[in-house]
>>> print(open('work-v7.txt').read())   # compact mmCIF, C-alpha atoms
# COMPACT_ATOMS: atom_id res chain seq x y z
CA MET A 1 10.73 -46.13 -33.21
CA LEU A 2 9.15 -43.07 -31.66
CA ASP A 3 11.32 -40.02 -31.06
CA ILE A 4 10.67 -39.07 -27.41
CA ARG A 5 13.37 -36.42 -27.14
CA PRO A 6 12.12 -33.11 -25.69
CA ASN A 7 11.25 -30.47 -28.24
CA HIS A 8 13.60 -27.70 -27.13
CA SER A 9 12.64 -25.39 -29.99
CA SER A 10 8.95 -25.59 -29.01
CA SER A 11 9.80 -24.90 -25.37
CA LEU A 12 11.95 -21.92 -26.36
CA ARG A 13 9.20 -20.58 -28.59
CA GLU A 14 6.65 -20.79 -25.75
CA LYS A 15 9.06 -18.97 -23.45
CA GLN A 16 9.59 -16.21 -26.02
CA ILE A 17 5.81 -15.88 -26.48
CA ASP A 18 5.33 -15.56 -22.70
CA GLN A 19 8.05 -12.89 -22.54
CA LEU A 20 6.42 -10.99 -25.41
CA LYS A 21 3.03 -11.15 -23.68
CA ASN A 22 4.53 -9.82 -20.46
CA GLN A 23 6.21 -6.98 -22.34
CA GLN A 24 2.95 -6.11 -24.07
CA LEU A 25 1.07 -6.12 -20.75
CA ALA A 26 3.72 -3.90 -19.16
CA ALA A 27 3.59 -1.49 -22.09
CA ALA A 28 -0.22 -1.37 -21.97
CA ASP A 29 -0.13 -0.74 -18.22
CA ALA A 30 2.44 2.05 -18.61
CA LEU A 31 0.31 3.64 -21.33
CA ARG A 32 -2.80 3.41 -19.16
CA VAL A 33 -1.07 5.09 -16.22
CA SER A 34 0.54 7.82 -18.38
CA PHE A 35 -2.88 9.39 -19.00
CA LYS A 36 -3.80 9.46 -15.32
CA LYS A 37 -3.37 12.50 -13.07
CA PRO A 38 -0.99 12.41 -10.09
CA ILE A 39 -2.52 11.48 -6.76
CA ILE A 40 0.83 12.02 -4.99
CA SER A 41 3.14 14.84 -6.04
CA VAL A 42 6.22 15.58 -3.93
CA GLN A 43 8.94 18.12 -4.72
CA SER A 44 12.16 18.86 -2.80
CA LEU A 45 10.63 17.45 0.38
CA THR A 46 12.76 17.41 3.54
CA LYS A 47 12.20 16.08 7.03
CA SER A 48 14.48 16.13 10.08
CA TYR A 49 14.13 14.95 13.65
CA HIS A 50 15.41 16.95 16.61
CA ILE A 51 17.09 14.98 19.38
CA GLY A 52 18.13 17.35 22.12
CA SER A 53 20.39 19.90 20.48
CA MET A 54 21.00 17.63 17.48
CA THR A 55 19.19 17.84 14.14
CA VAL A 56 19.07 14.54 12.26
CA PRO A 57 18.05 14.88 8.59
CA VAL A 58 16.05 11.88 7.38
CA LEU A 59 14.49 12.95 4.06
CA LYS A 60 16.86 15.07 1.98
CA GLY A 61 15.02 16.52 -0.98
CA ILE A 62 12.55 13.89 -2.19
CA ASP A 63 10.96 14.25 -5.64
CA LEU A 64 8.19 11.74 -6.25
CA CYS A 65 5.13 11.38 -8.44
CA VAL A 66 2.57 8.57 -8.15
CA LYS A 67 -0.34 8.61 -10.57
CA GLU A 68 -3.85 7.35 -10.00
CA GLY A 69 -4.06 3.60 -10.39
CA GLU A 70 -0.35 2.88 -9.93
CA PHE A 71 1.00 0.01 -7.84
CA VAL A 72 4.34 1.18 -6.47
CA SER A 73 6.83 -0.24 -3.98
CA ILE A 74 9.44 1.80 -2.11
CA MET A 75 12.53 -0.17 -1.16
CA GLY A 76 15.58 0.70 0.87
CA PRO A 77 17.80 -0.51 3.70
CA SER A 78 17.00 0.12 7.35
CA GLY A 79 17.45 3.82 8.13
CA SER A 80 16.95 4.95 4.54
CA GLY A 81 13.82 6.94 5.45
CA LYS A 82 11.12 4.60 4.12
CA SER A 83 8.83 4.71 7.15
CA THR A 84 9.34 8.46 7.59
CA LEU A 85 8.35 8.99 3.97
CA LEU A 86 5.26 6.82 4.44
CA ASN A 87 4.27 8.80 7.54
CA VAL A 88 4.58 12.05 5.58
CA LEU A 89 2.62 10.67 2.61
CA GLY A 90 -0.06 9.42 5.02
CA ILE A 91 -0.30 12.85 6.72
CA LEU A 92 0.70 11.18 9.98
CA ASP A 93 3.76 13.42 10.30
CA ARG A 94 4.58 16.95 9.18
CA TYR A 95 7.42 17.69 6.78
CA ASP A 96 9.86 20.60 7.05
CA ASP A 97 10.31 22.07 3.58
CA GLY A 98 9.32 21.33 0.03
CA GLU A 99 5.87 20.58 -1.34
CA TYR A 100 3.45 17.70 -0.94
CA VAL A 101 0.24 17.74 -2.99
CA LEU A 102 -2.24 14.91 -2.34
CA ASP A 103 -5.08 14.55 -4.82
CA GLY A 104 -4.74 18.20 -5.81
CA THR A 105 -4.50 19.65 -2.27
CA LEU A 106 -1.33 21.18 -0.85
CA ILE A 107 -0.88 19.55 2.55
CA LYS A 108 1.41 21.93 4.46
CA PRO A 109 -1.13 24.78 5.04
CA LEU A 110 -3.84 22.43 6.35
CA SER A 111 -4.88 22.66 9.98
CA GLU A 112 -4.82 19.49 12.10
CA THR A 113 -8.58 19.11 11.66
CA GLU A 114 -8.40 19.59 7.89
CA ALA A 115 -5.44 17.21 7.62
CA THR A 116 -7.29 14.54 9.61
CA ARG A 117 -10.38 14.90 7.44
CA HIS A 118 -8.26 14.69 4.30
CA ARG A 119 -6.45 11.59 5.57
CA ASN A 120 -9.62 9.78 6.63
CA HIS A 121 -11.31 10.25 3.26
CA LEU A 122 -8.37 9.64 0.92
CA ILE A 123 -6.08 7.09 2.56
CA GLY A 124 -6.34 3.54 3.89
CA PHE A 125 -3.45 2.13 5.93
CA VAL A 126 -2.07 -1.40 6.26
CA PHE A 127 0.68 -1.94 8.83
CA GLN A 128 3.17 -4.73 9.51
CA SER A 129 1.88 -5.14 13.07
CA PHE A 130 -1.79 -5.04 11.90
CA ASN A 131 -2.72 -2.34 14.51
CA LEU A 132 -6.04 -3.99 15.35
CA LEU A 133 -7.87 -3.13 18.56
CA PRO A 134 -7.40 -6.28 20.70
CA PHE A 135 -10.72 -5.96 22.54
CA LYS A 136 -12.79 -5.50 19.35
CA SER A 137 -14.05 -8.26 17.04
CA ALA A 138 -12.93 -8.46 13.42
CA ILE A 139 -16.14 -6.83 12.17
CA ASP A 140 -15.89 -4.02 14.73
CA ASN A 141 -12.25 -3.38 13.79
CA VAL A 142 -13.18 -3.10 10.12
CA ALA A 143 -16.18 -0.85 10.81
CA MET A 144 -14.23 1.51 13.11
CA PRO A 145 -13.17 4.09 10.44
CA LEU A 146 -16.82 4.47 9.43
CA TYR A 147 -17.72 5.31 13.03
CA TYR A 148 -15.43 8.36 12.83
CA GLN A 149 -17.12 9.34 9.58
CA LYS A 150 -20.46 9.21 11.43
CA VAL A 151 -21.86 6.47 9.17
CA PRO A 152 -24.97 4.86 10.77
CA ARG A 153 -24.30 1.60 12.61
CA LYS A 154 -26.33 -0.62 10.28
CA GLN A 155 -24.45 0.66 7.22
CA ARG A 156 -21.12 0.29 9.01
CA GLU A 157 -21.77 -3.35 9.82
CA GLU A 158 -23.08 -4.12 6.35
CA ARG A 159 -20.01 -2.70 4.60
CA ALA A 160 -17.63 -4.37 7.05
CA ARG A 161 -19.42 -7.70 6.64
CA LYS A 162 -19.18 -7.61 2.83
CA LEU A 163 -15.46 -6.87 2.94
CA LEU A 164 -14.75 -9.65 5.45
CA GLU A 165 -16.71 -12.07 3.28
CA ARG A 166 -14.56 -11.00 0.34
CA MET A 167 -11.45 -11.67 2.46
CA GLY A 168 -12.64 -15.22 3.13
CA LEU A 169 -13.40 -14.45 6.78
CA ALA A 170 -17.17 -14.95 6.84
CA SER A 171 -16.86 -17.45 9.70
CA ARG A 172 -14.39 -15.34 11.71
CA MET A 173 -16.17 -11.98 11.89
CA ASP A 174 -16.97 -12.19 15.61
CA HIS A 175 -13.50 -13.38 16.63
CA LEU A 176 -11.00 -11.20 18.47
CA PRO A 177 -7.58 -10.55 16.85
CA SER A 178 -5.96 -12.94 19.36
CA GLU A 179 -8.16 -15.72 17.95
CA LEU A 180 -6.97 -15.16 14.37
CA SER A 181 -3.83 -16.22 12.54
CA GLY A 182 -1.34 -13.63 11.27
CA GLY A 183 -2.70 -13.92 7.74
CA GLN A 184 -6.28 -13.54 8.94
CA ARG A 185 -5.36 -10.48 10.99
CA GLN A 186 -3.71 -8.88 7.96
CA ARG A 187 -6.85 -9.57 5.90
CA VAL A 188 -8.90 -7.83 8.59
CA ALA A 189 -6.47 -4.90 8.39
CA ILE A 190 -6.81 -4.78 4.60
CA ALA A 191 -10.61 -4.83 4.89
CA ARG A 192 -10.40 -1.95 7.39
CA ALA A 193 -8.22 0.02 4.94
CA LEU A 194 -10.82 -0.48 2.21
CA VAL A 195 -13.99 0.13 4.19
CA THR A 196 -14.12 3.90 3.55
CA ASP A 197 -13.41 3.30 -0.17
CA PRO A 198 -10.29 5.52 -0.27
CA PRO A 199 -8.50 6.05 -3.59
CA LEU A 200 -5.06 5.46 -1.99
CA ILE A 201 -3.75 2.55 0.10
CA LEU A 202 -0.44 2.92 1.96
CA ALA A 203 1.11 -0.30 3.27
CA ASP A 204 4.13 -0.40 5.59
CA GLU A 205 5.91 -3.80 5.38
CA PRO A 206 2.51 -5.56 5.04
CA THR A 207 4.09 -9.02 4.72
CA GLY A 208 6.81 -8.52 7.34
CA ASN A 209 5.12 -10.77 9.95
CA LEU A 210 3.79 -13.37 7.51
CA ASP A 211 5.09 -16.64 6.10
CA THR A 212 5.90 -17.00 2.41
CA LYS A 213 2.58 -18.54 1.36
CA THR A 214 0.51 -15.97 3.25
CA SER A 215 2.68 -13.16 1.87
CA GLU A 216 1.91 -14.34 -1.67
CA GLU A 217 -1.83 -14.39 -0.86
CA VAL A 218 -1.68 -10.83 0.49
CA MET A 219 0.15 -9.60 -2.61
CA GLU A 220 -2.42 -11.34 -4.82
CA LEU A 221 -5.10 -9.46 -2.92
CA PHE A 222 -3.24 -6.17 -3.41
CA THR A 223 -3.00 -6.88 -7.14
CA GLU A 224 -6.78 -7.42 -7.29
CA ILE A 225 -7.37 -4.17 -5.42
CA ASN A 226 -5.06 -2.33 -7.83
CA ASP A 227 -6.82 -3.87 -10.83
CA GLU A 228 -10.04 -2.35 -9.49
CA GLY A 229 -8.48 1.11 -9.81
CA LYS A 230 -7.02 1.88 -6.39
CA THR A 231 -3.53 3.34 -6.02
CA LEU A 232 -1.18 1.33 -3.81
CA VAL A 233 2.15 2.36 -2.31
CA VAL A 234 3.96 -0.44 -0.47
CA ILE A 235 7.00 0.04 1.75
CA THR A 236 9.10 -3.14 1.75
CA HIS A 237 12.60 -4.54 2.10
CA ASP A 238 11.54 -7.80 0.40
CA GLU A 239 12.57 -8.03 -3.26
CA GLU A 240 9.94 -10.69 -3.98
CA VAL A 241 7.23 -8.35 -2.70
CA ALA A 242 8.63 -5.46 -4.77
CA GLU A 243 8.63 -7.65 -7.89
CA ARG A 244 4.86 -8.08 -7.53
CA THR A 245 4.33 -4.31 -7.87
CA ARG A 246 4.38 -2.44 -11.18
CA ARG A 247 7.10 0.10 -10.29
CA VAL A 248 9.93 0.02 -7.77
CA ILE A 249 11.40 3.17 -6.18
CA HIS A 250 14.72 2.83 -4.35
CA LEU A 251 15.40 5.02 -1.33
CA GLN A 252 18.89 5.39 0.12
CA ASP A 253 20.18 7.81 2.76
CA GLY A 254 17.03 9.91 2.53
CA ARG A 255 17.19 10.31 -1.23
CA ILE A 256 15.59 8.53 -4.16
CA ARG A 257 18.20 6.61 -6.10
CA HIS A 258 17.67 6.91 -9.84
>>> encode(input="work-v7.txt", output="structure tokens")
Amino acid sequence: MLDIRPNHSSSLREKQIDQLKNQQLAAADALRVSFKKPIISVQSLTKSYHIGSMTVPVLKGIDLCVKEGEFVSIMGPSGSGKSTLLNVLGILDRYDDGEYVLDGTLIKPLSETEATRHRNHLIGFVFQSFNLLPFKSAIDNVAMPLYYQKVPRKQREERARKLLERMGLASRMDHLPSELSGGQRQRVAIARALVTDPPLILADEPTGNLDTKTSEEVMELFTEINDEGKTLVVITHDEEVAERTRRVIHLQDGRIRH
């Protein structure tokens, strides 16, 4: 008579092998990153908002280092300072005290024009609400950052077209955002973030308006982009999203929790 009982020892062995492989991959990734230079270096950074006569501190002495090629998530409850930190890292908002060095350049002394130039060449943004121009087609939305870099129209359209094809949107290039699903709009936003070929992508709750399946597809896309060498920093409150990144930073009450 055949013994059809499950082989628990074989199953356990396979599980242990998978765990060992994951540990080896994590160790190799950590070793790879350790030799990279920092693209983001923040020391003792503070930021407050002034509401009438009140001063509300939001960031209270942030120390943070993100190296080239990392894939990092920043988690924290509502009001912890996540979005404020992202705005500072993206040079969308000024900080009060401390030091922020982006790709070797100290940000605080830069003029508005220099800061804008620095931001446009080094950073791509992905937002929860997509931030697409409603009266522009998908291809025009993607090409828009290149317009501000004075790239000729033909080159703008060619680069935008290639990225939308990569995003699986070859048949939707001429559609307006209102004619696209949430997942398709986020793919357009990701293509727009990549079109200038920046070394750093900042994403603010990029899966916040998406269903579970589409969120997984977006995170797969982020993983591919990271594997190609780009640095990604993702703001999220979703633990499943954070688990897809390679390092998780916890922010609480304006401070990084170690």
>>> residues_around(input="work-v7.txt", residues="A:Ala193", least_positions_apart="6", cutoff="7 Å", atoms="only C-alpha atoms", output="PyMOL selection string")
chain A and resi 124-126
>>> residues_near_point(input="work-v7.txt", point="(-14.2, -9.1, 14.8)", cutoff="9 Å", atoms="all atoms listed in the file", output="PyMOL selection string")
chain A and resi 136-142+172-177+188
>>> write_last_selection(input="work-v7.txt", atoms="C-alpha atoms", output="compact mmCIF listing (two decimals), keeping the file's coordinate frame")
# COMPACT_ATOMS: atom_id res chain seq x y z
CA LYS A 136 -12.79 -5.50 19.35
CA SER A 137 -14.05 -8.26 17.04
CA ALA A 138 -12.93 -8.46 13.42
CA ILE A 139 -16.14 -6.83 12.17
CA ASP A 140 -15.89 -4.02 14.73
CA ASN A 141 -12.25 -3.38 13.79
CA VAL A 142 -13.18 -3.10 10.12
CA ARG A 172 -14.39 -15.34 11.71
CA MET A 173 -16.17 -11.98 11.89
CA ASP A 174 -16.97 -12.19 15.61
CA HIS A 175 -13.50 -13.38 16.63
CA LEU A 176 -11.00 -11.20 18.47
CA PRO A 177 -7.58 -10.55 16.85
CA VAL A 188 -8.90 -7.83 8.59
>>> atom_distance(input="work-v7.txt", atom1="atom CA of A:Gly81", atom2="atom CA of A:Lys213")
28.1 Å
>>> residues_near_point(input="work-v7.txt", point="(13.7, 14.7, 7.8)", cutoff="9 Å", atoms="all atoms listed in the file", output="mmCIF file with C-alpha atoms, keeping the file's coordinate frame")
data_model
loop_
_atom_site.group_PDB
_atom_site.id
_atom_site.type_symbol
_atom_site.label_atom_id
_atom_site.label_comp_id
_atom_site.auth_asym_id
_atom_site.auth_seq_id
_atom_site.Cartn_x
_atom_site.Cartn_y
_atom_site.Cartn_z
ATOM 1 C CA LEU A 45 10.630 17.450 0.380
ATOM 2 C CA THR A 46 12.760 17.410 3.540
ATOM 3 C CA LYS A 47 12.200 16.080 7.030
ATOM 4 C CA SER A 48 14.480 16.130 10.080
ATOM 5 C CA TYR A 49 14.130 14.950 13.650
ATOM 6 C CA THR A 55 19.190 17.840 14.140
ATOM 7 C CA VAL A 56 19.070 14.540 12.260
ATOM 8 C CA PRO A 57 18.050 14.880 8.590
ATOM 9 C CA VAL A 58 16.050 11.880 7.380
ATOM 10 C CA LEU A 59 14.490 12.950 4.060
ATOM 11 C CA LYS A 60 16.860 15.070 1.980
ATOM 12 C CA GLY A 81 13.820 6.940 5.450
ATOM 13 C CA THR A 84 9.340 8.460 7.590
ATOM 14 C CA LEU A 85 8.350 8.990 3.970
ATOM 15 C CA TYR A 95 7.420 17.690 6.780
ATOM 16 C CA ASP A 96 9.860 20.600 7.050
ATOM 17 C CA GLY A 254 17.030 9.910 2.530
#
>>> residues_around(input="work-v7.txt", residues="A:Phe130", least_positions_apart="3", cutoff="8 Å", atoms="all atoms listed in the file", output="PyMOL selection string")
chain A and resi 126-127+185-186+189
>>> residues_around(input="work-v7.txt", residues="A:Ile123", least_positions_apart="6", cutoff="6 Å", atoms="all atoms listed in the file", output="mmCIF file with C-alpha atoms, in the coordinates of the input")
data_model
loop_
_atom_site.group_PDB
_atom_site.id
_atom_site.type_symbol
_atom_site.label_atom_id
_atom_site.label_comp_id
_atom_site.auth_asym_id
_atom_site.auth_seq_id
_atom_site.Cartn_x
_atom_site.Cartn_y
_atom_site.Cartn_z
ATOM 1 C CA PRO A 198 -10.290 5.520 -0.270
ATOM 2 C CA LEU A 200 -5.060 5.460 -1.990
ATOM 3 C CA ILE A 201 -3.750 2.550 0.100
#
>>> closest_residue(input="work-v7.txt", among="A:Thr236, A:Thr245, A:Gln128, A:Gln184", to="A:Lys82", atoms="all atoms listed in the file")
A:Thr236
>>> residues_around(input="work-v7.txt", residues="A:His237", least_positions_apart="2", cutoff="9 Å", atoms="only C-alpha atoms", output="MDAnalysis selection string")
chainID A and resid 74:78 205 208 235 239 241:242
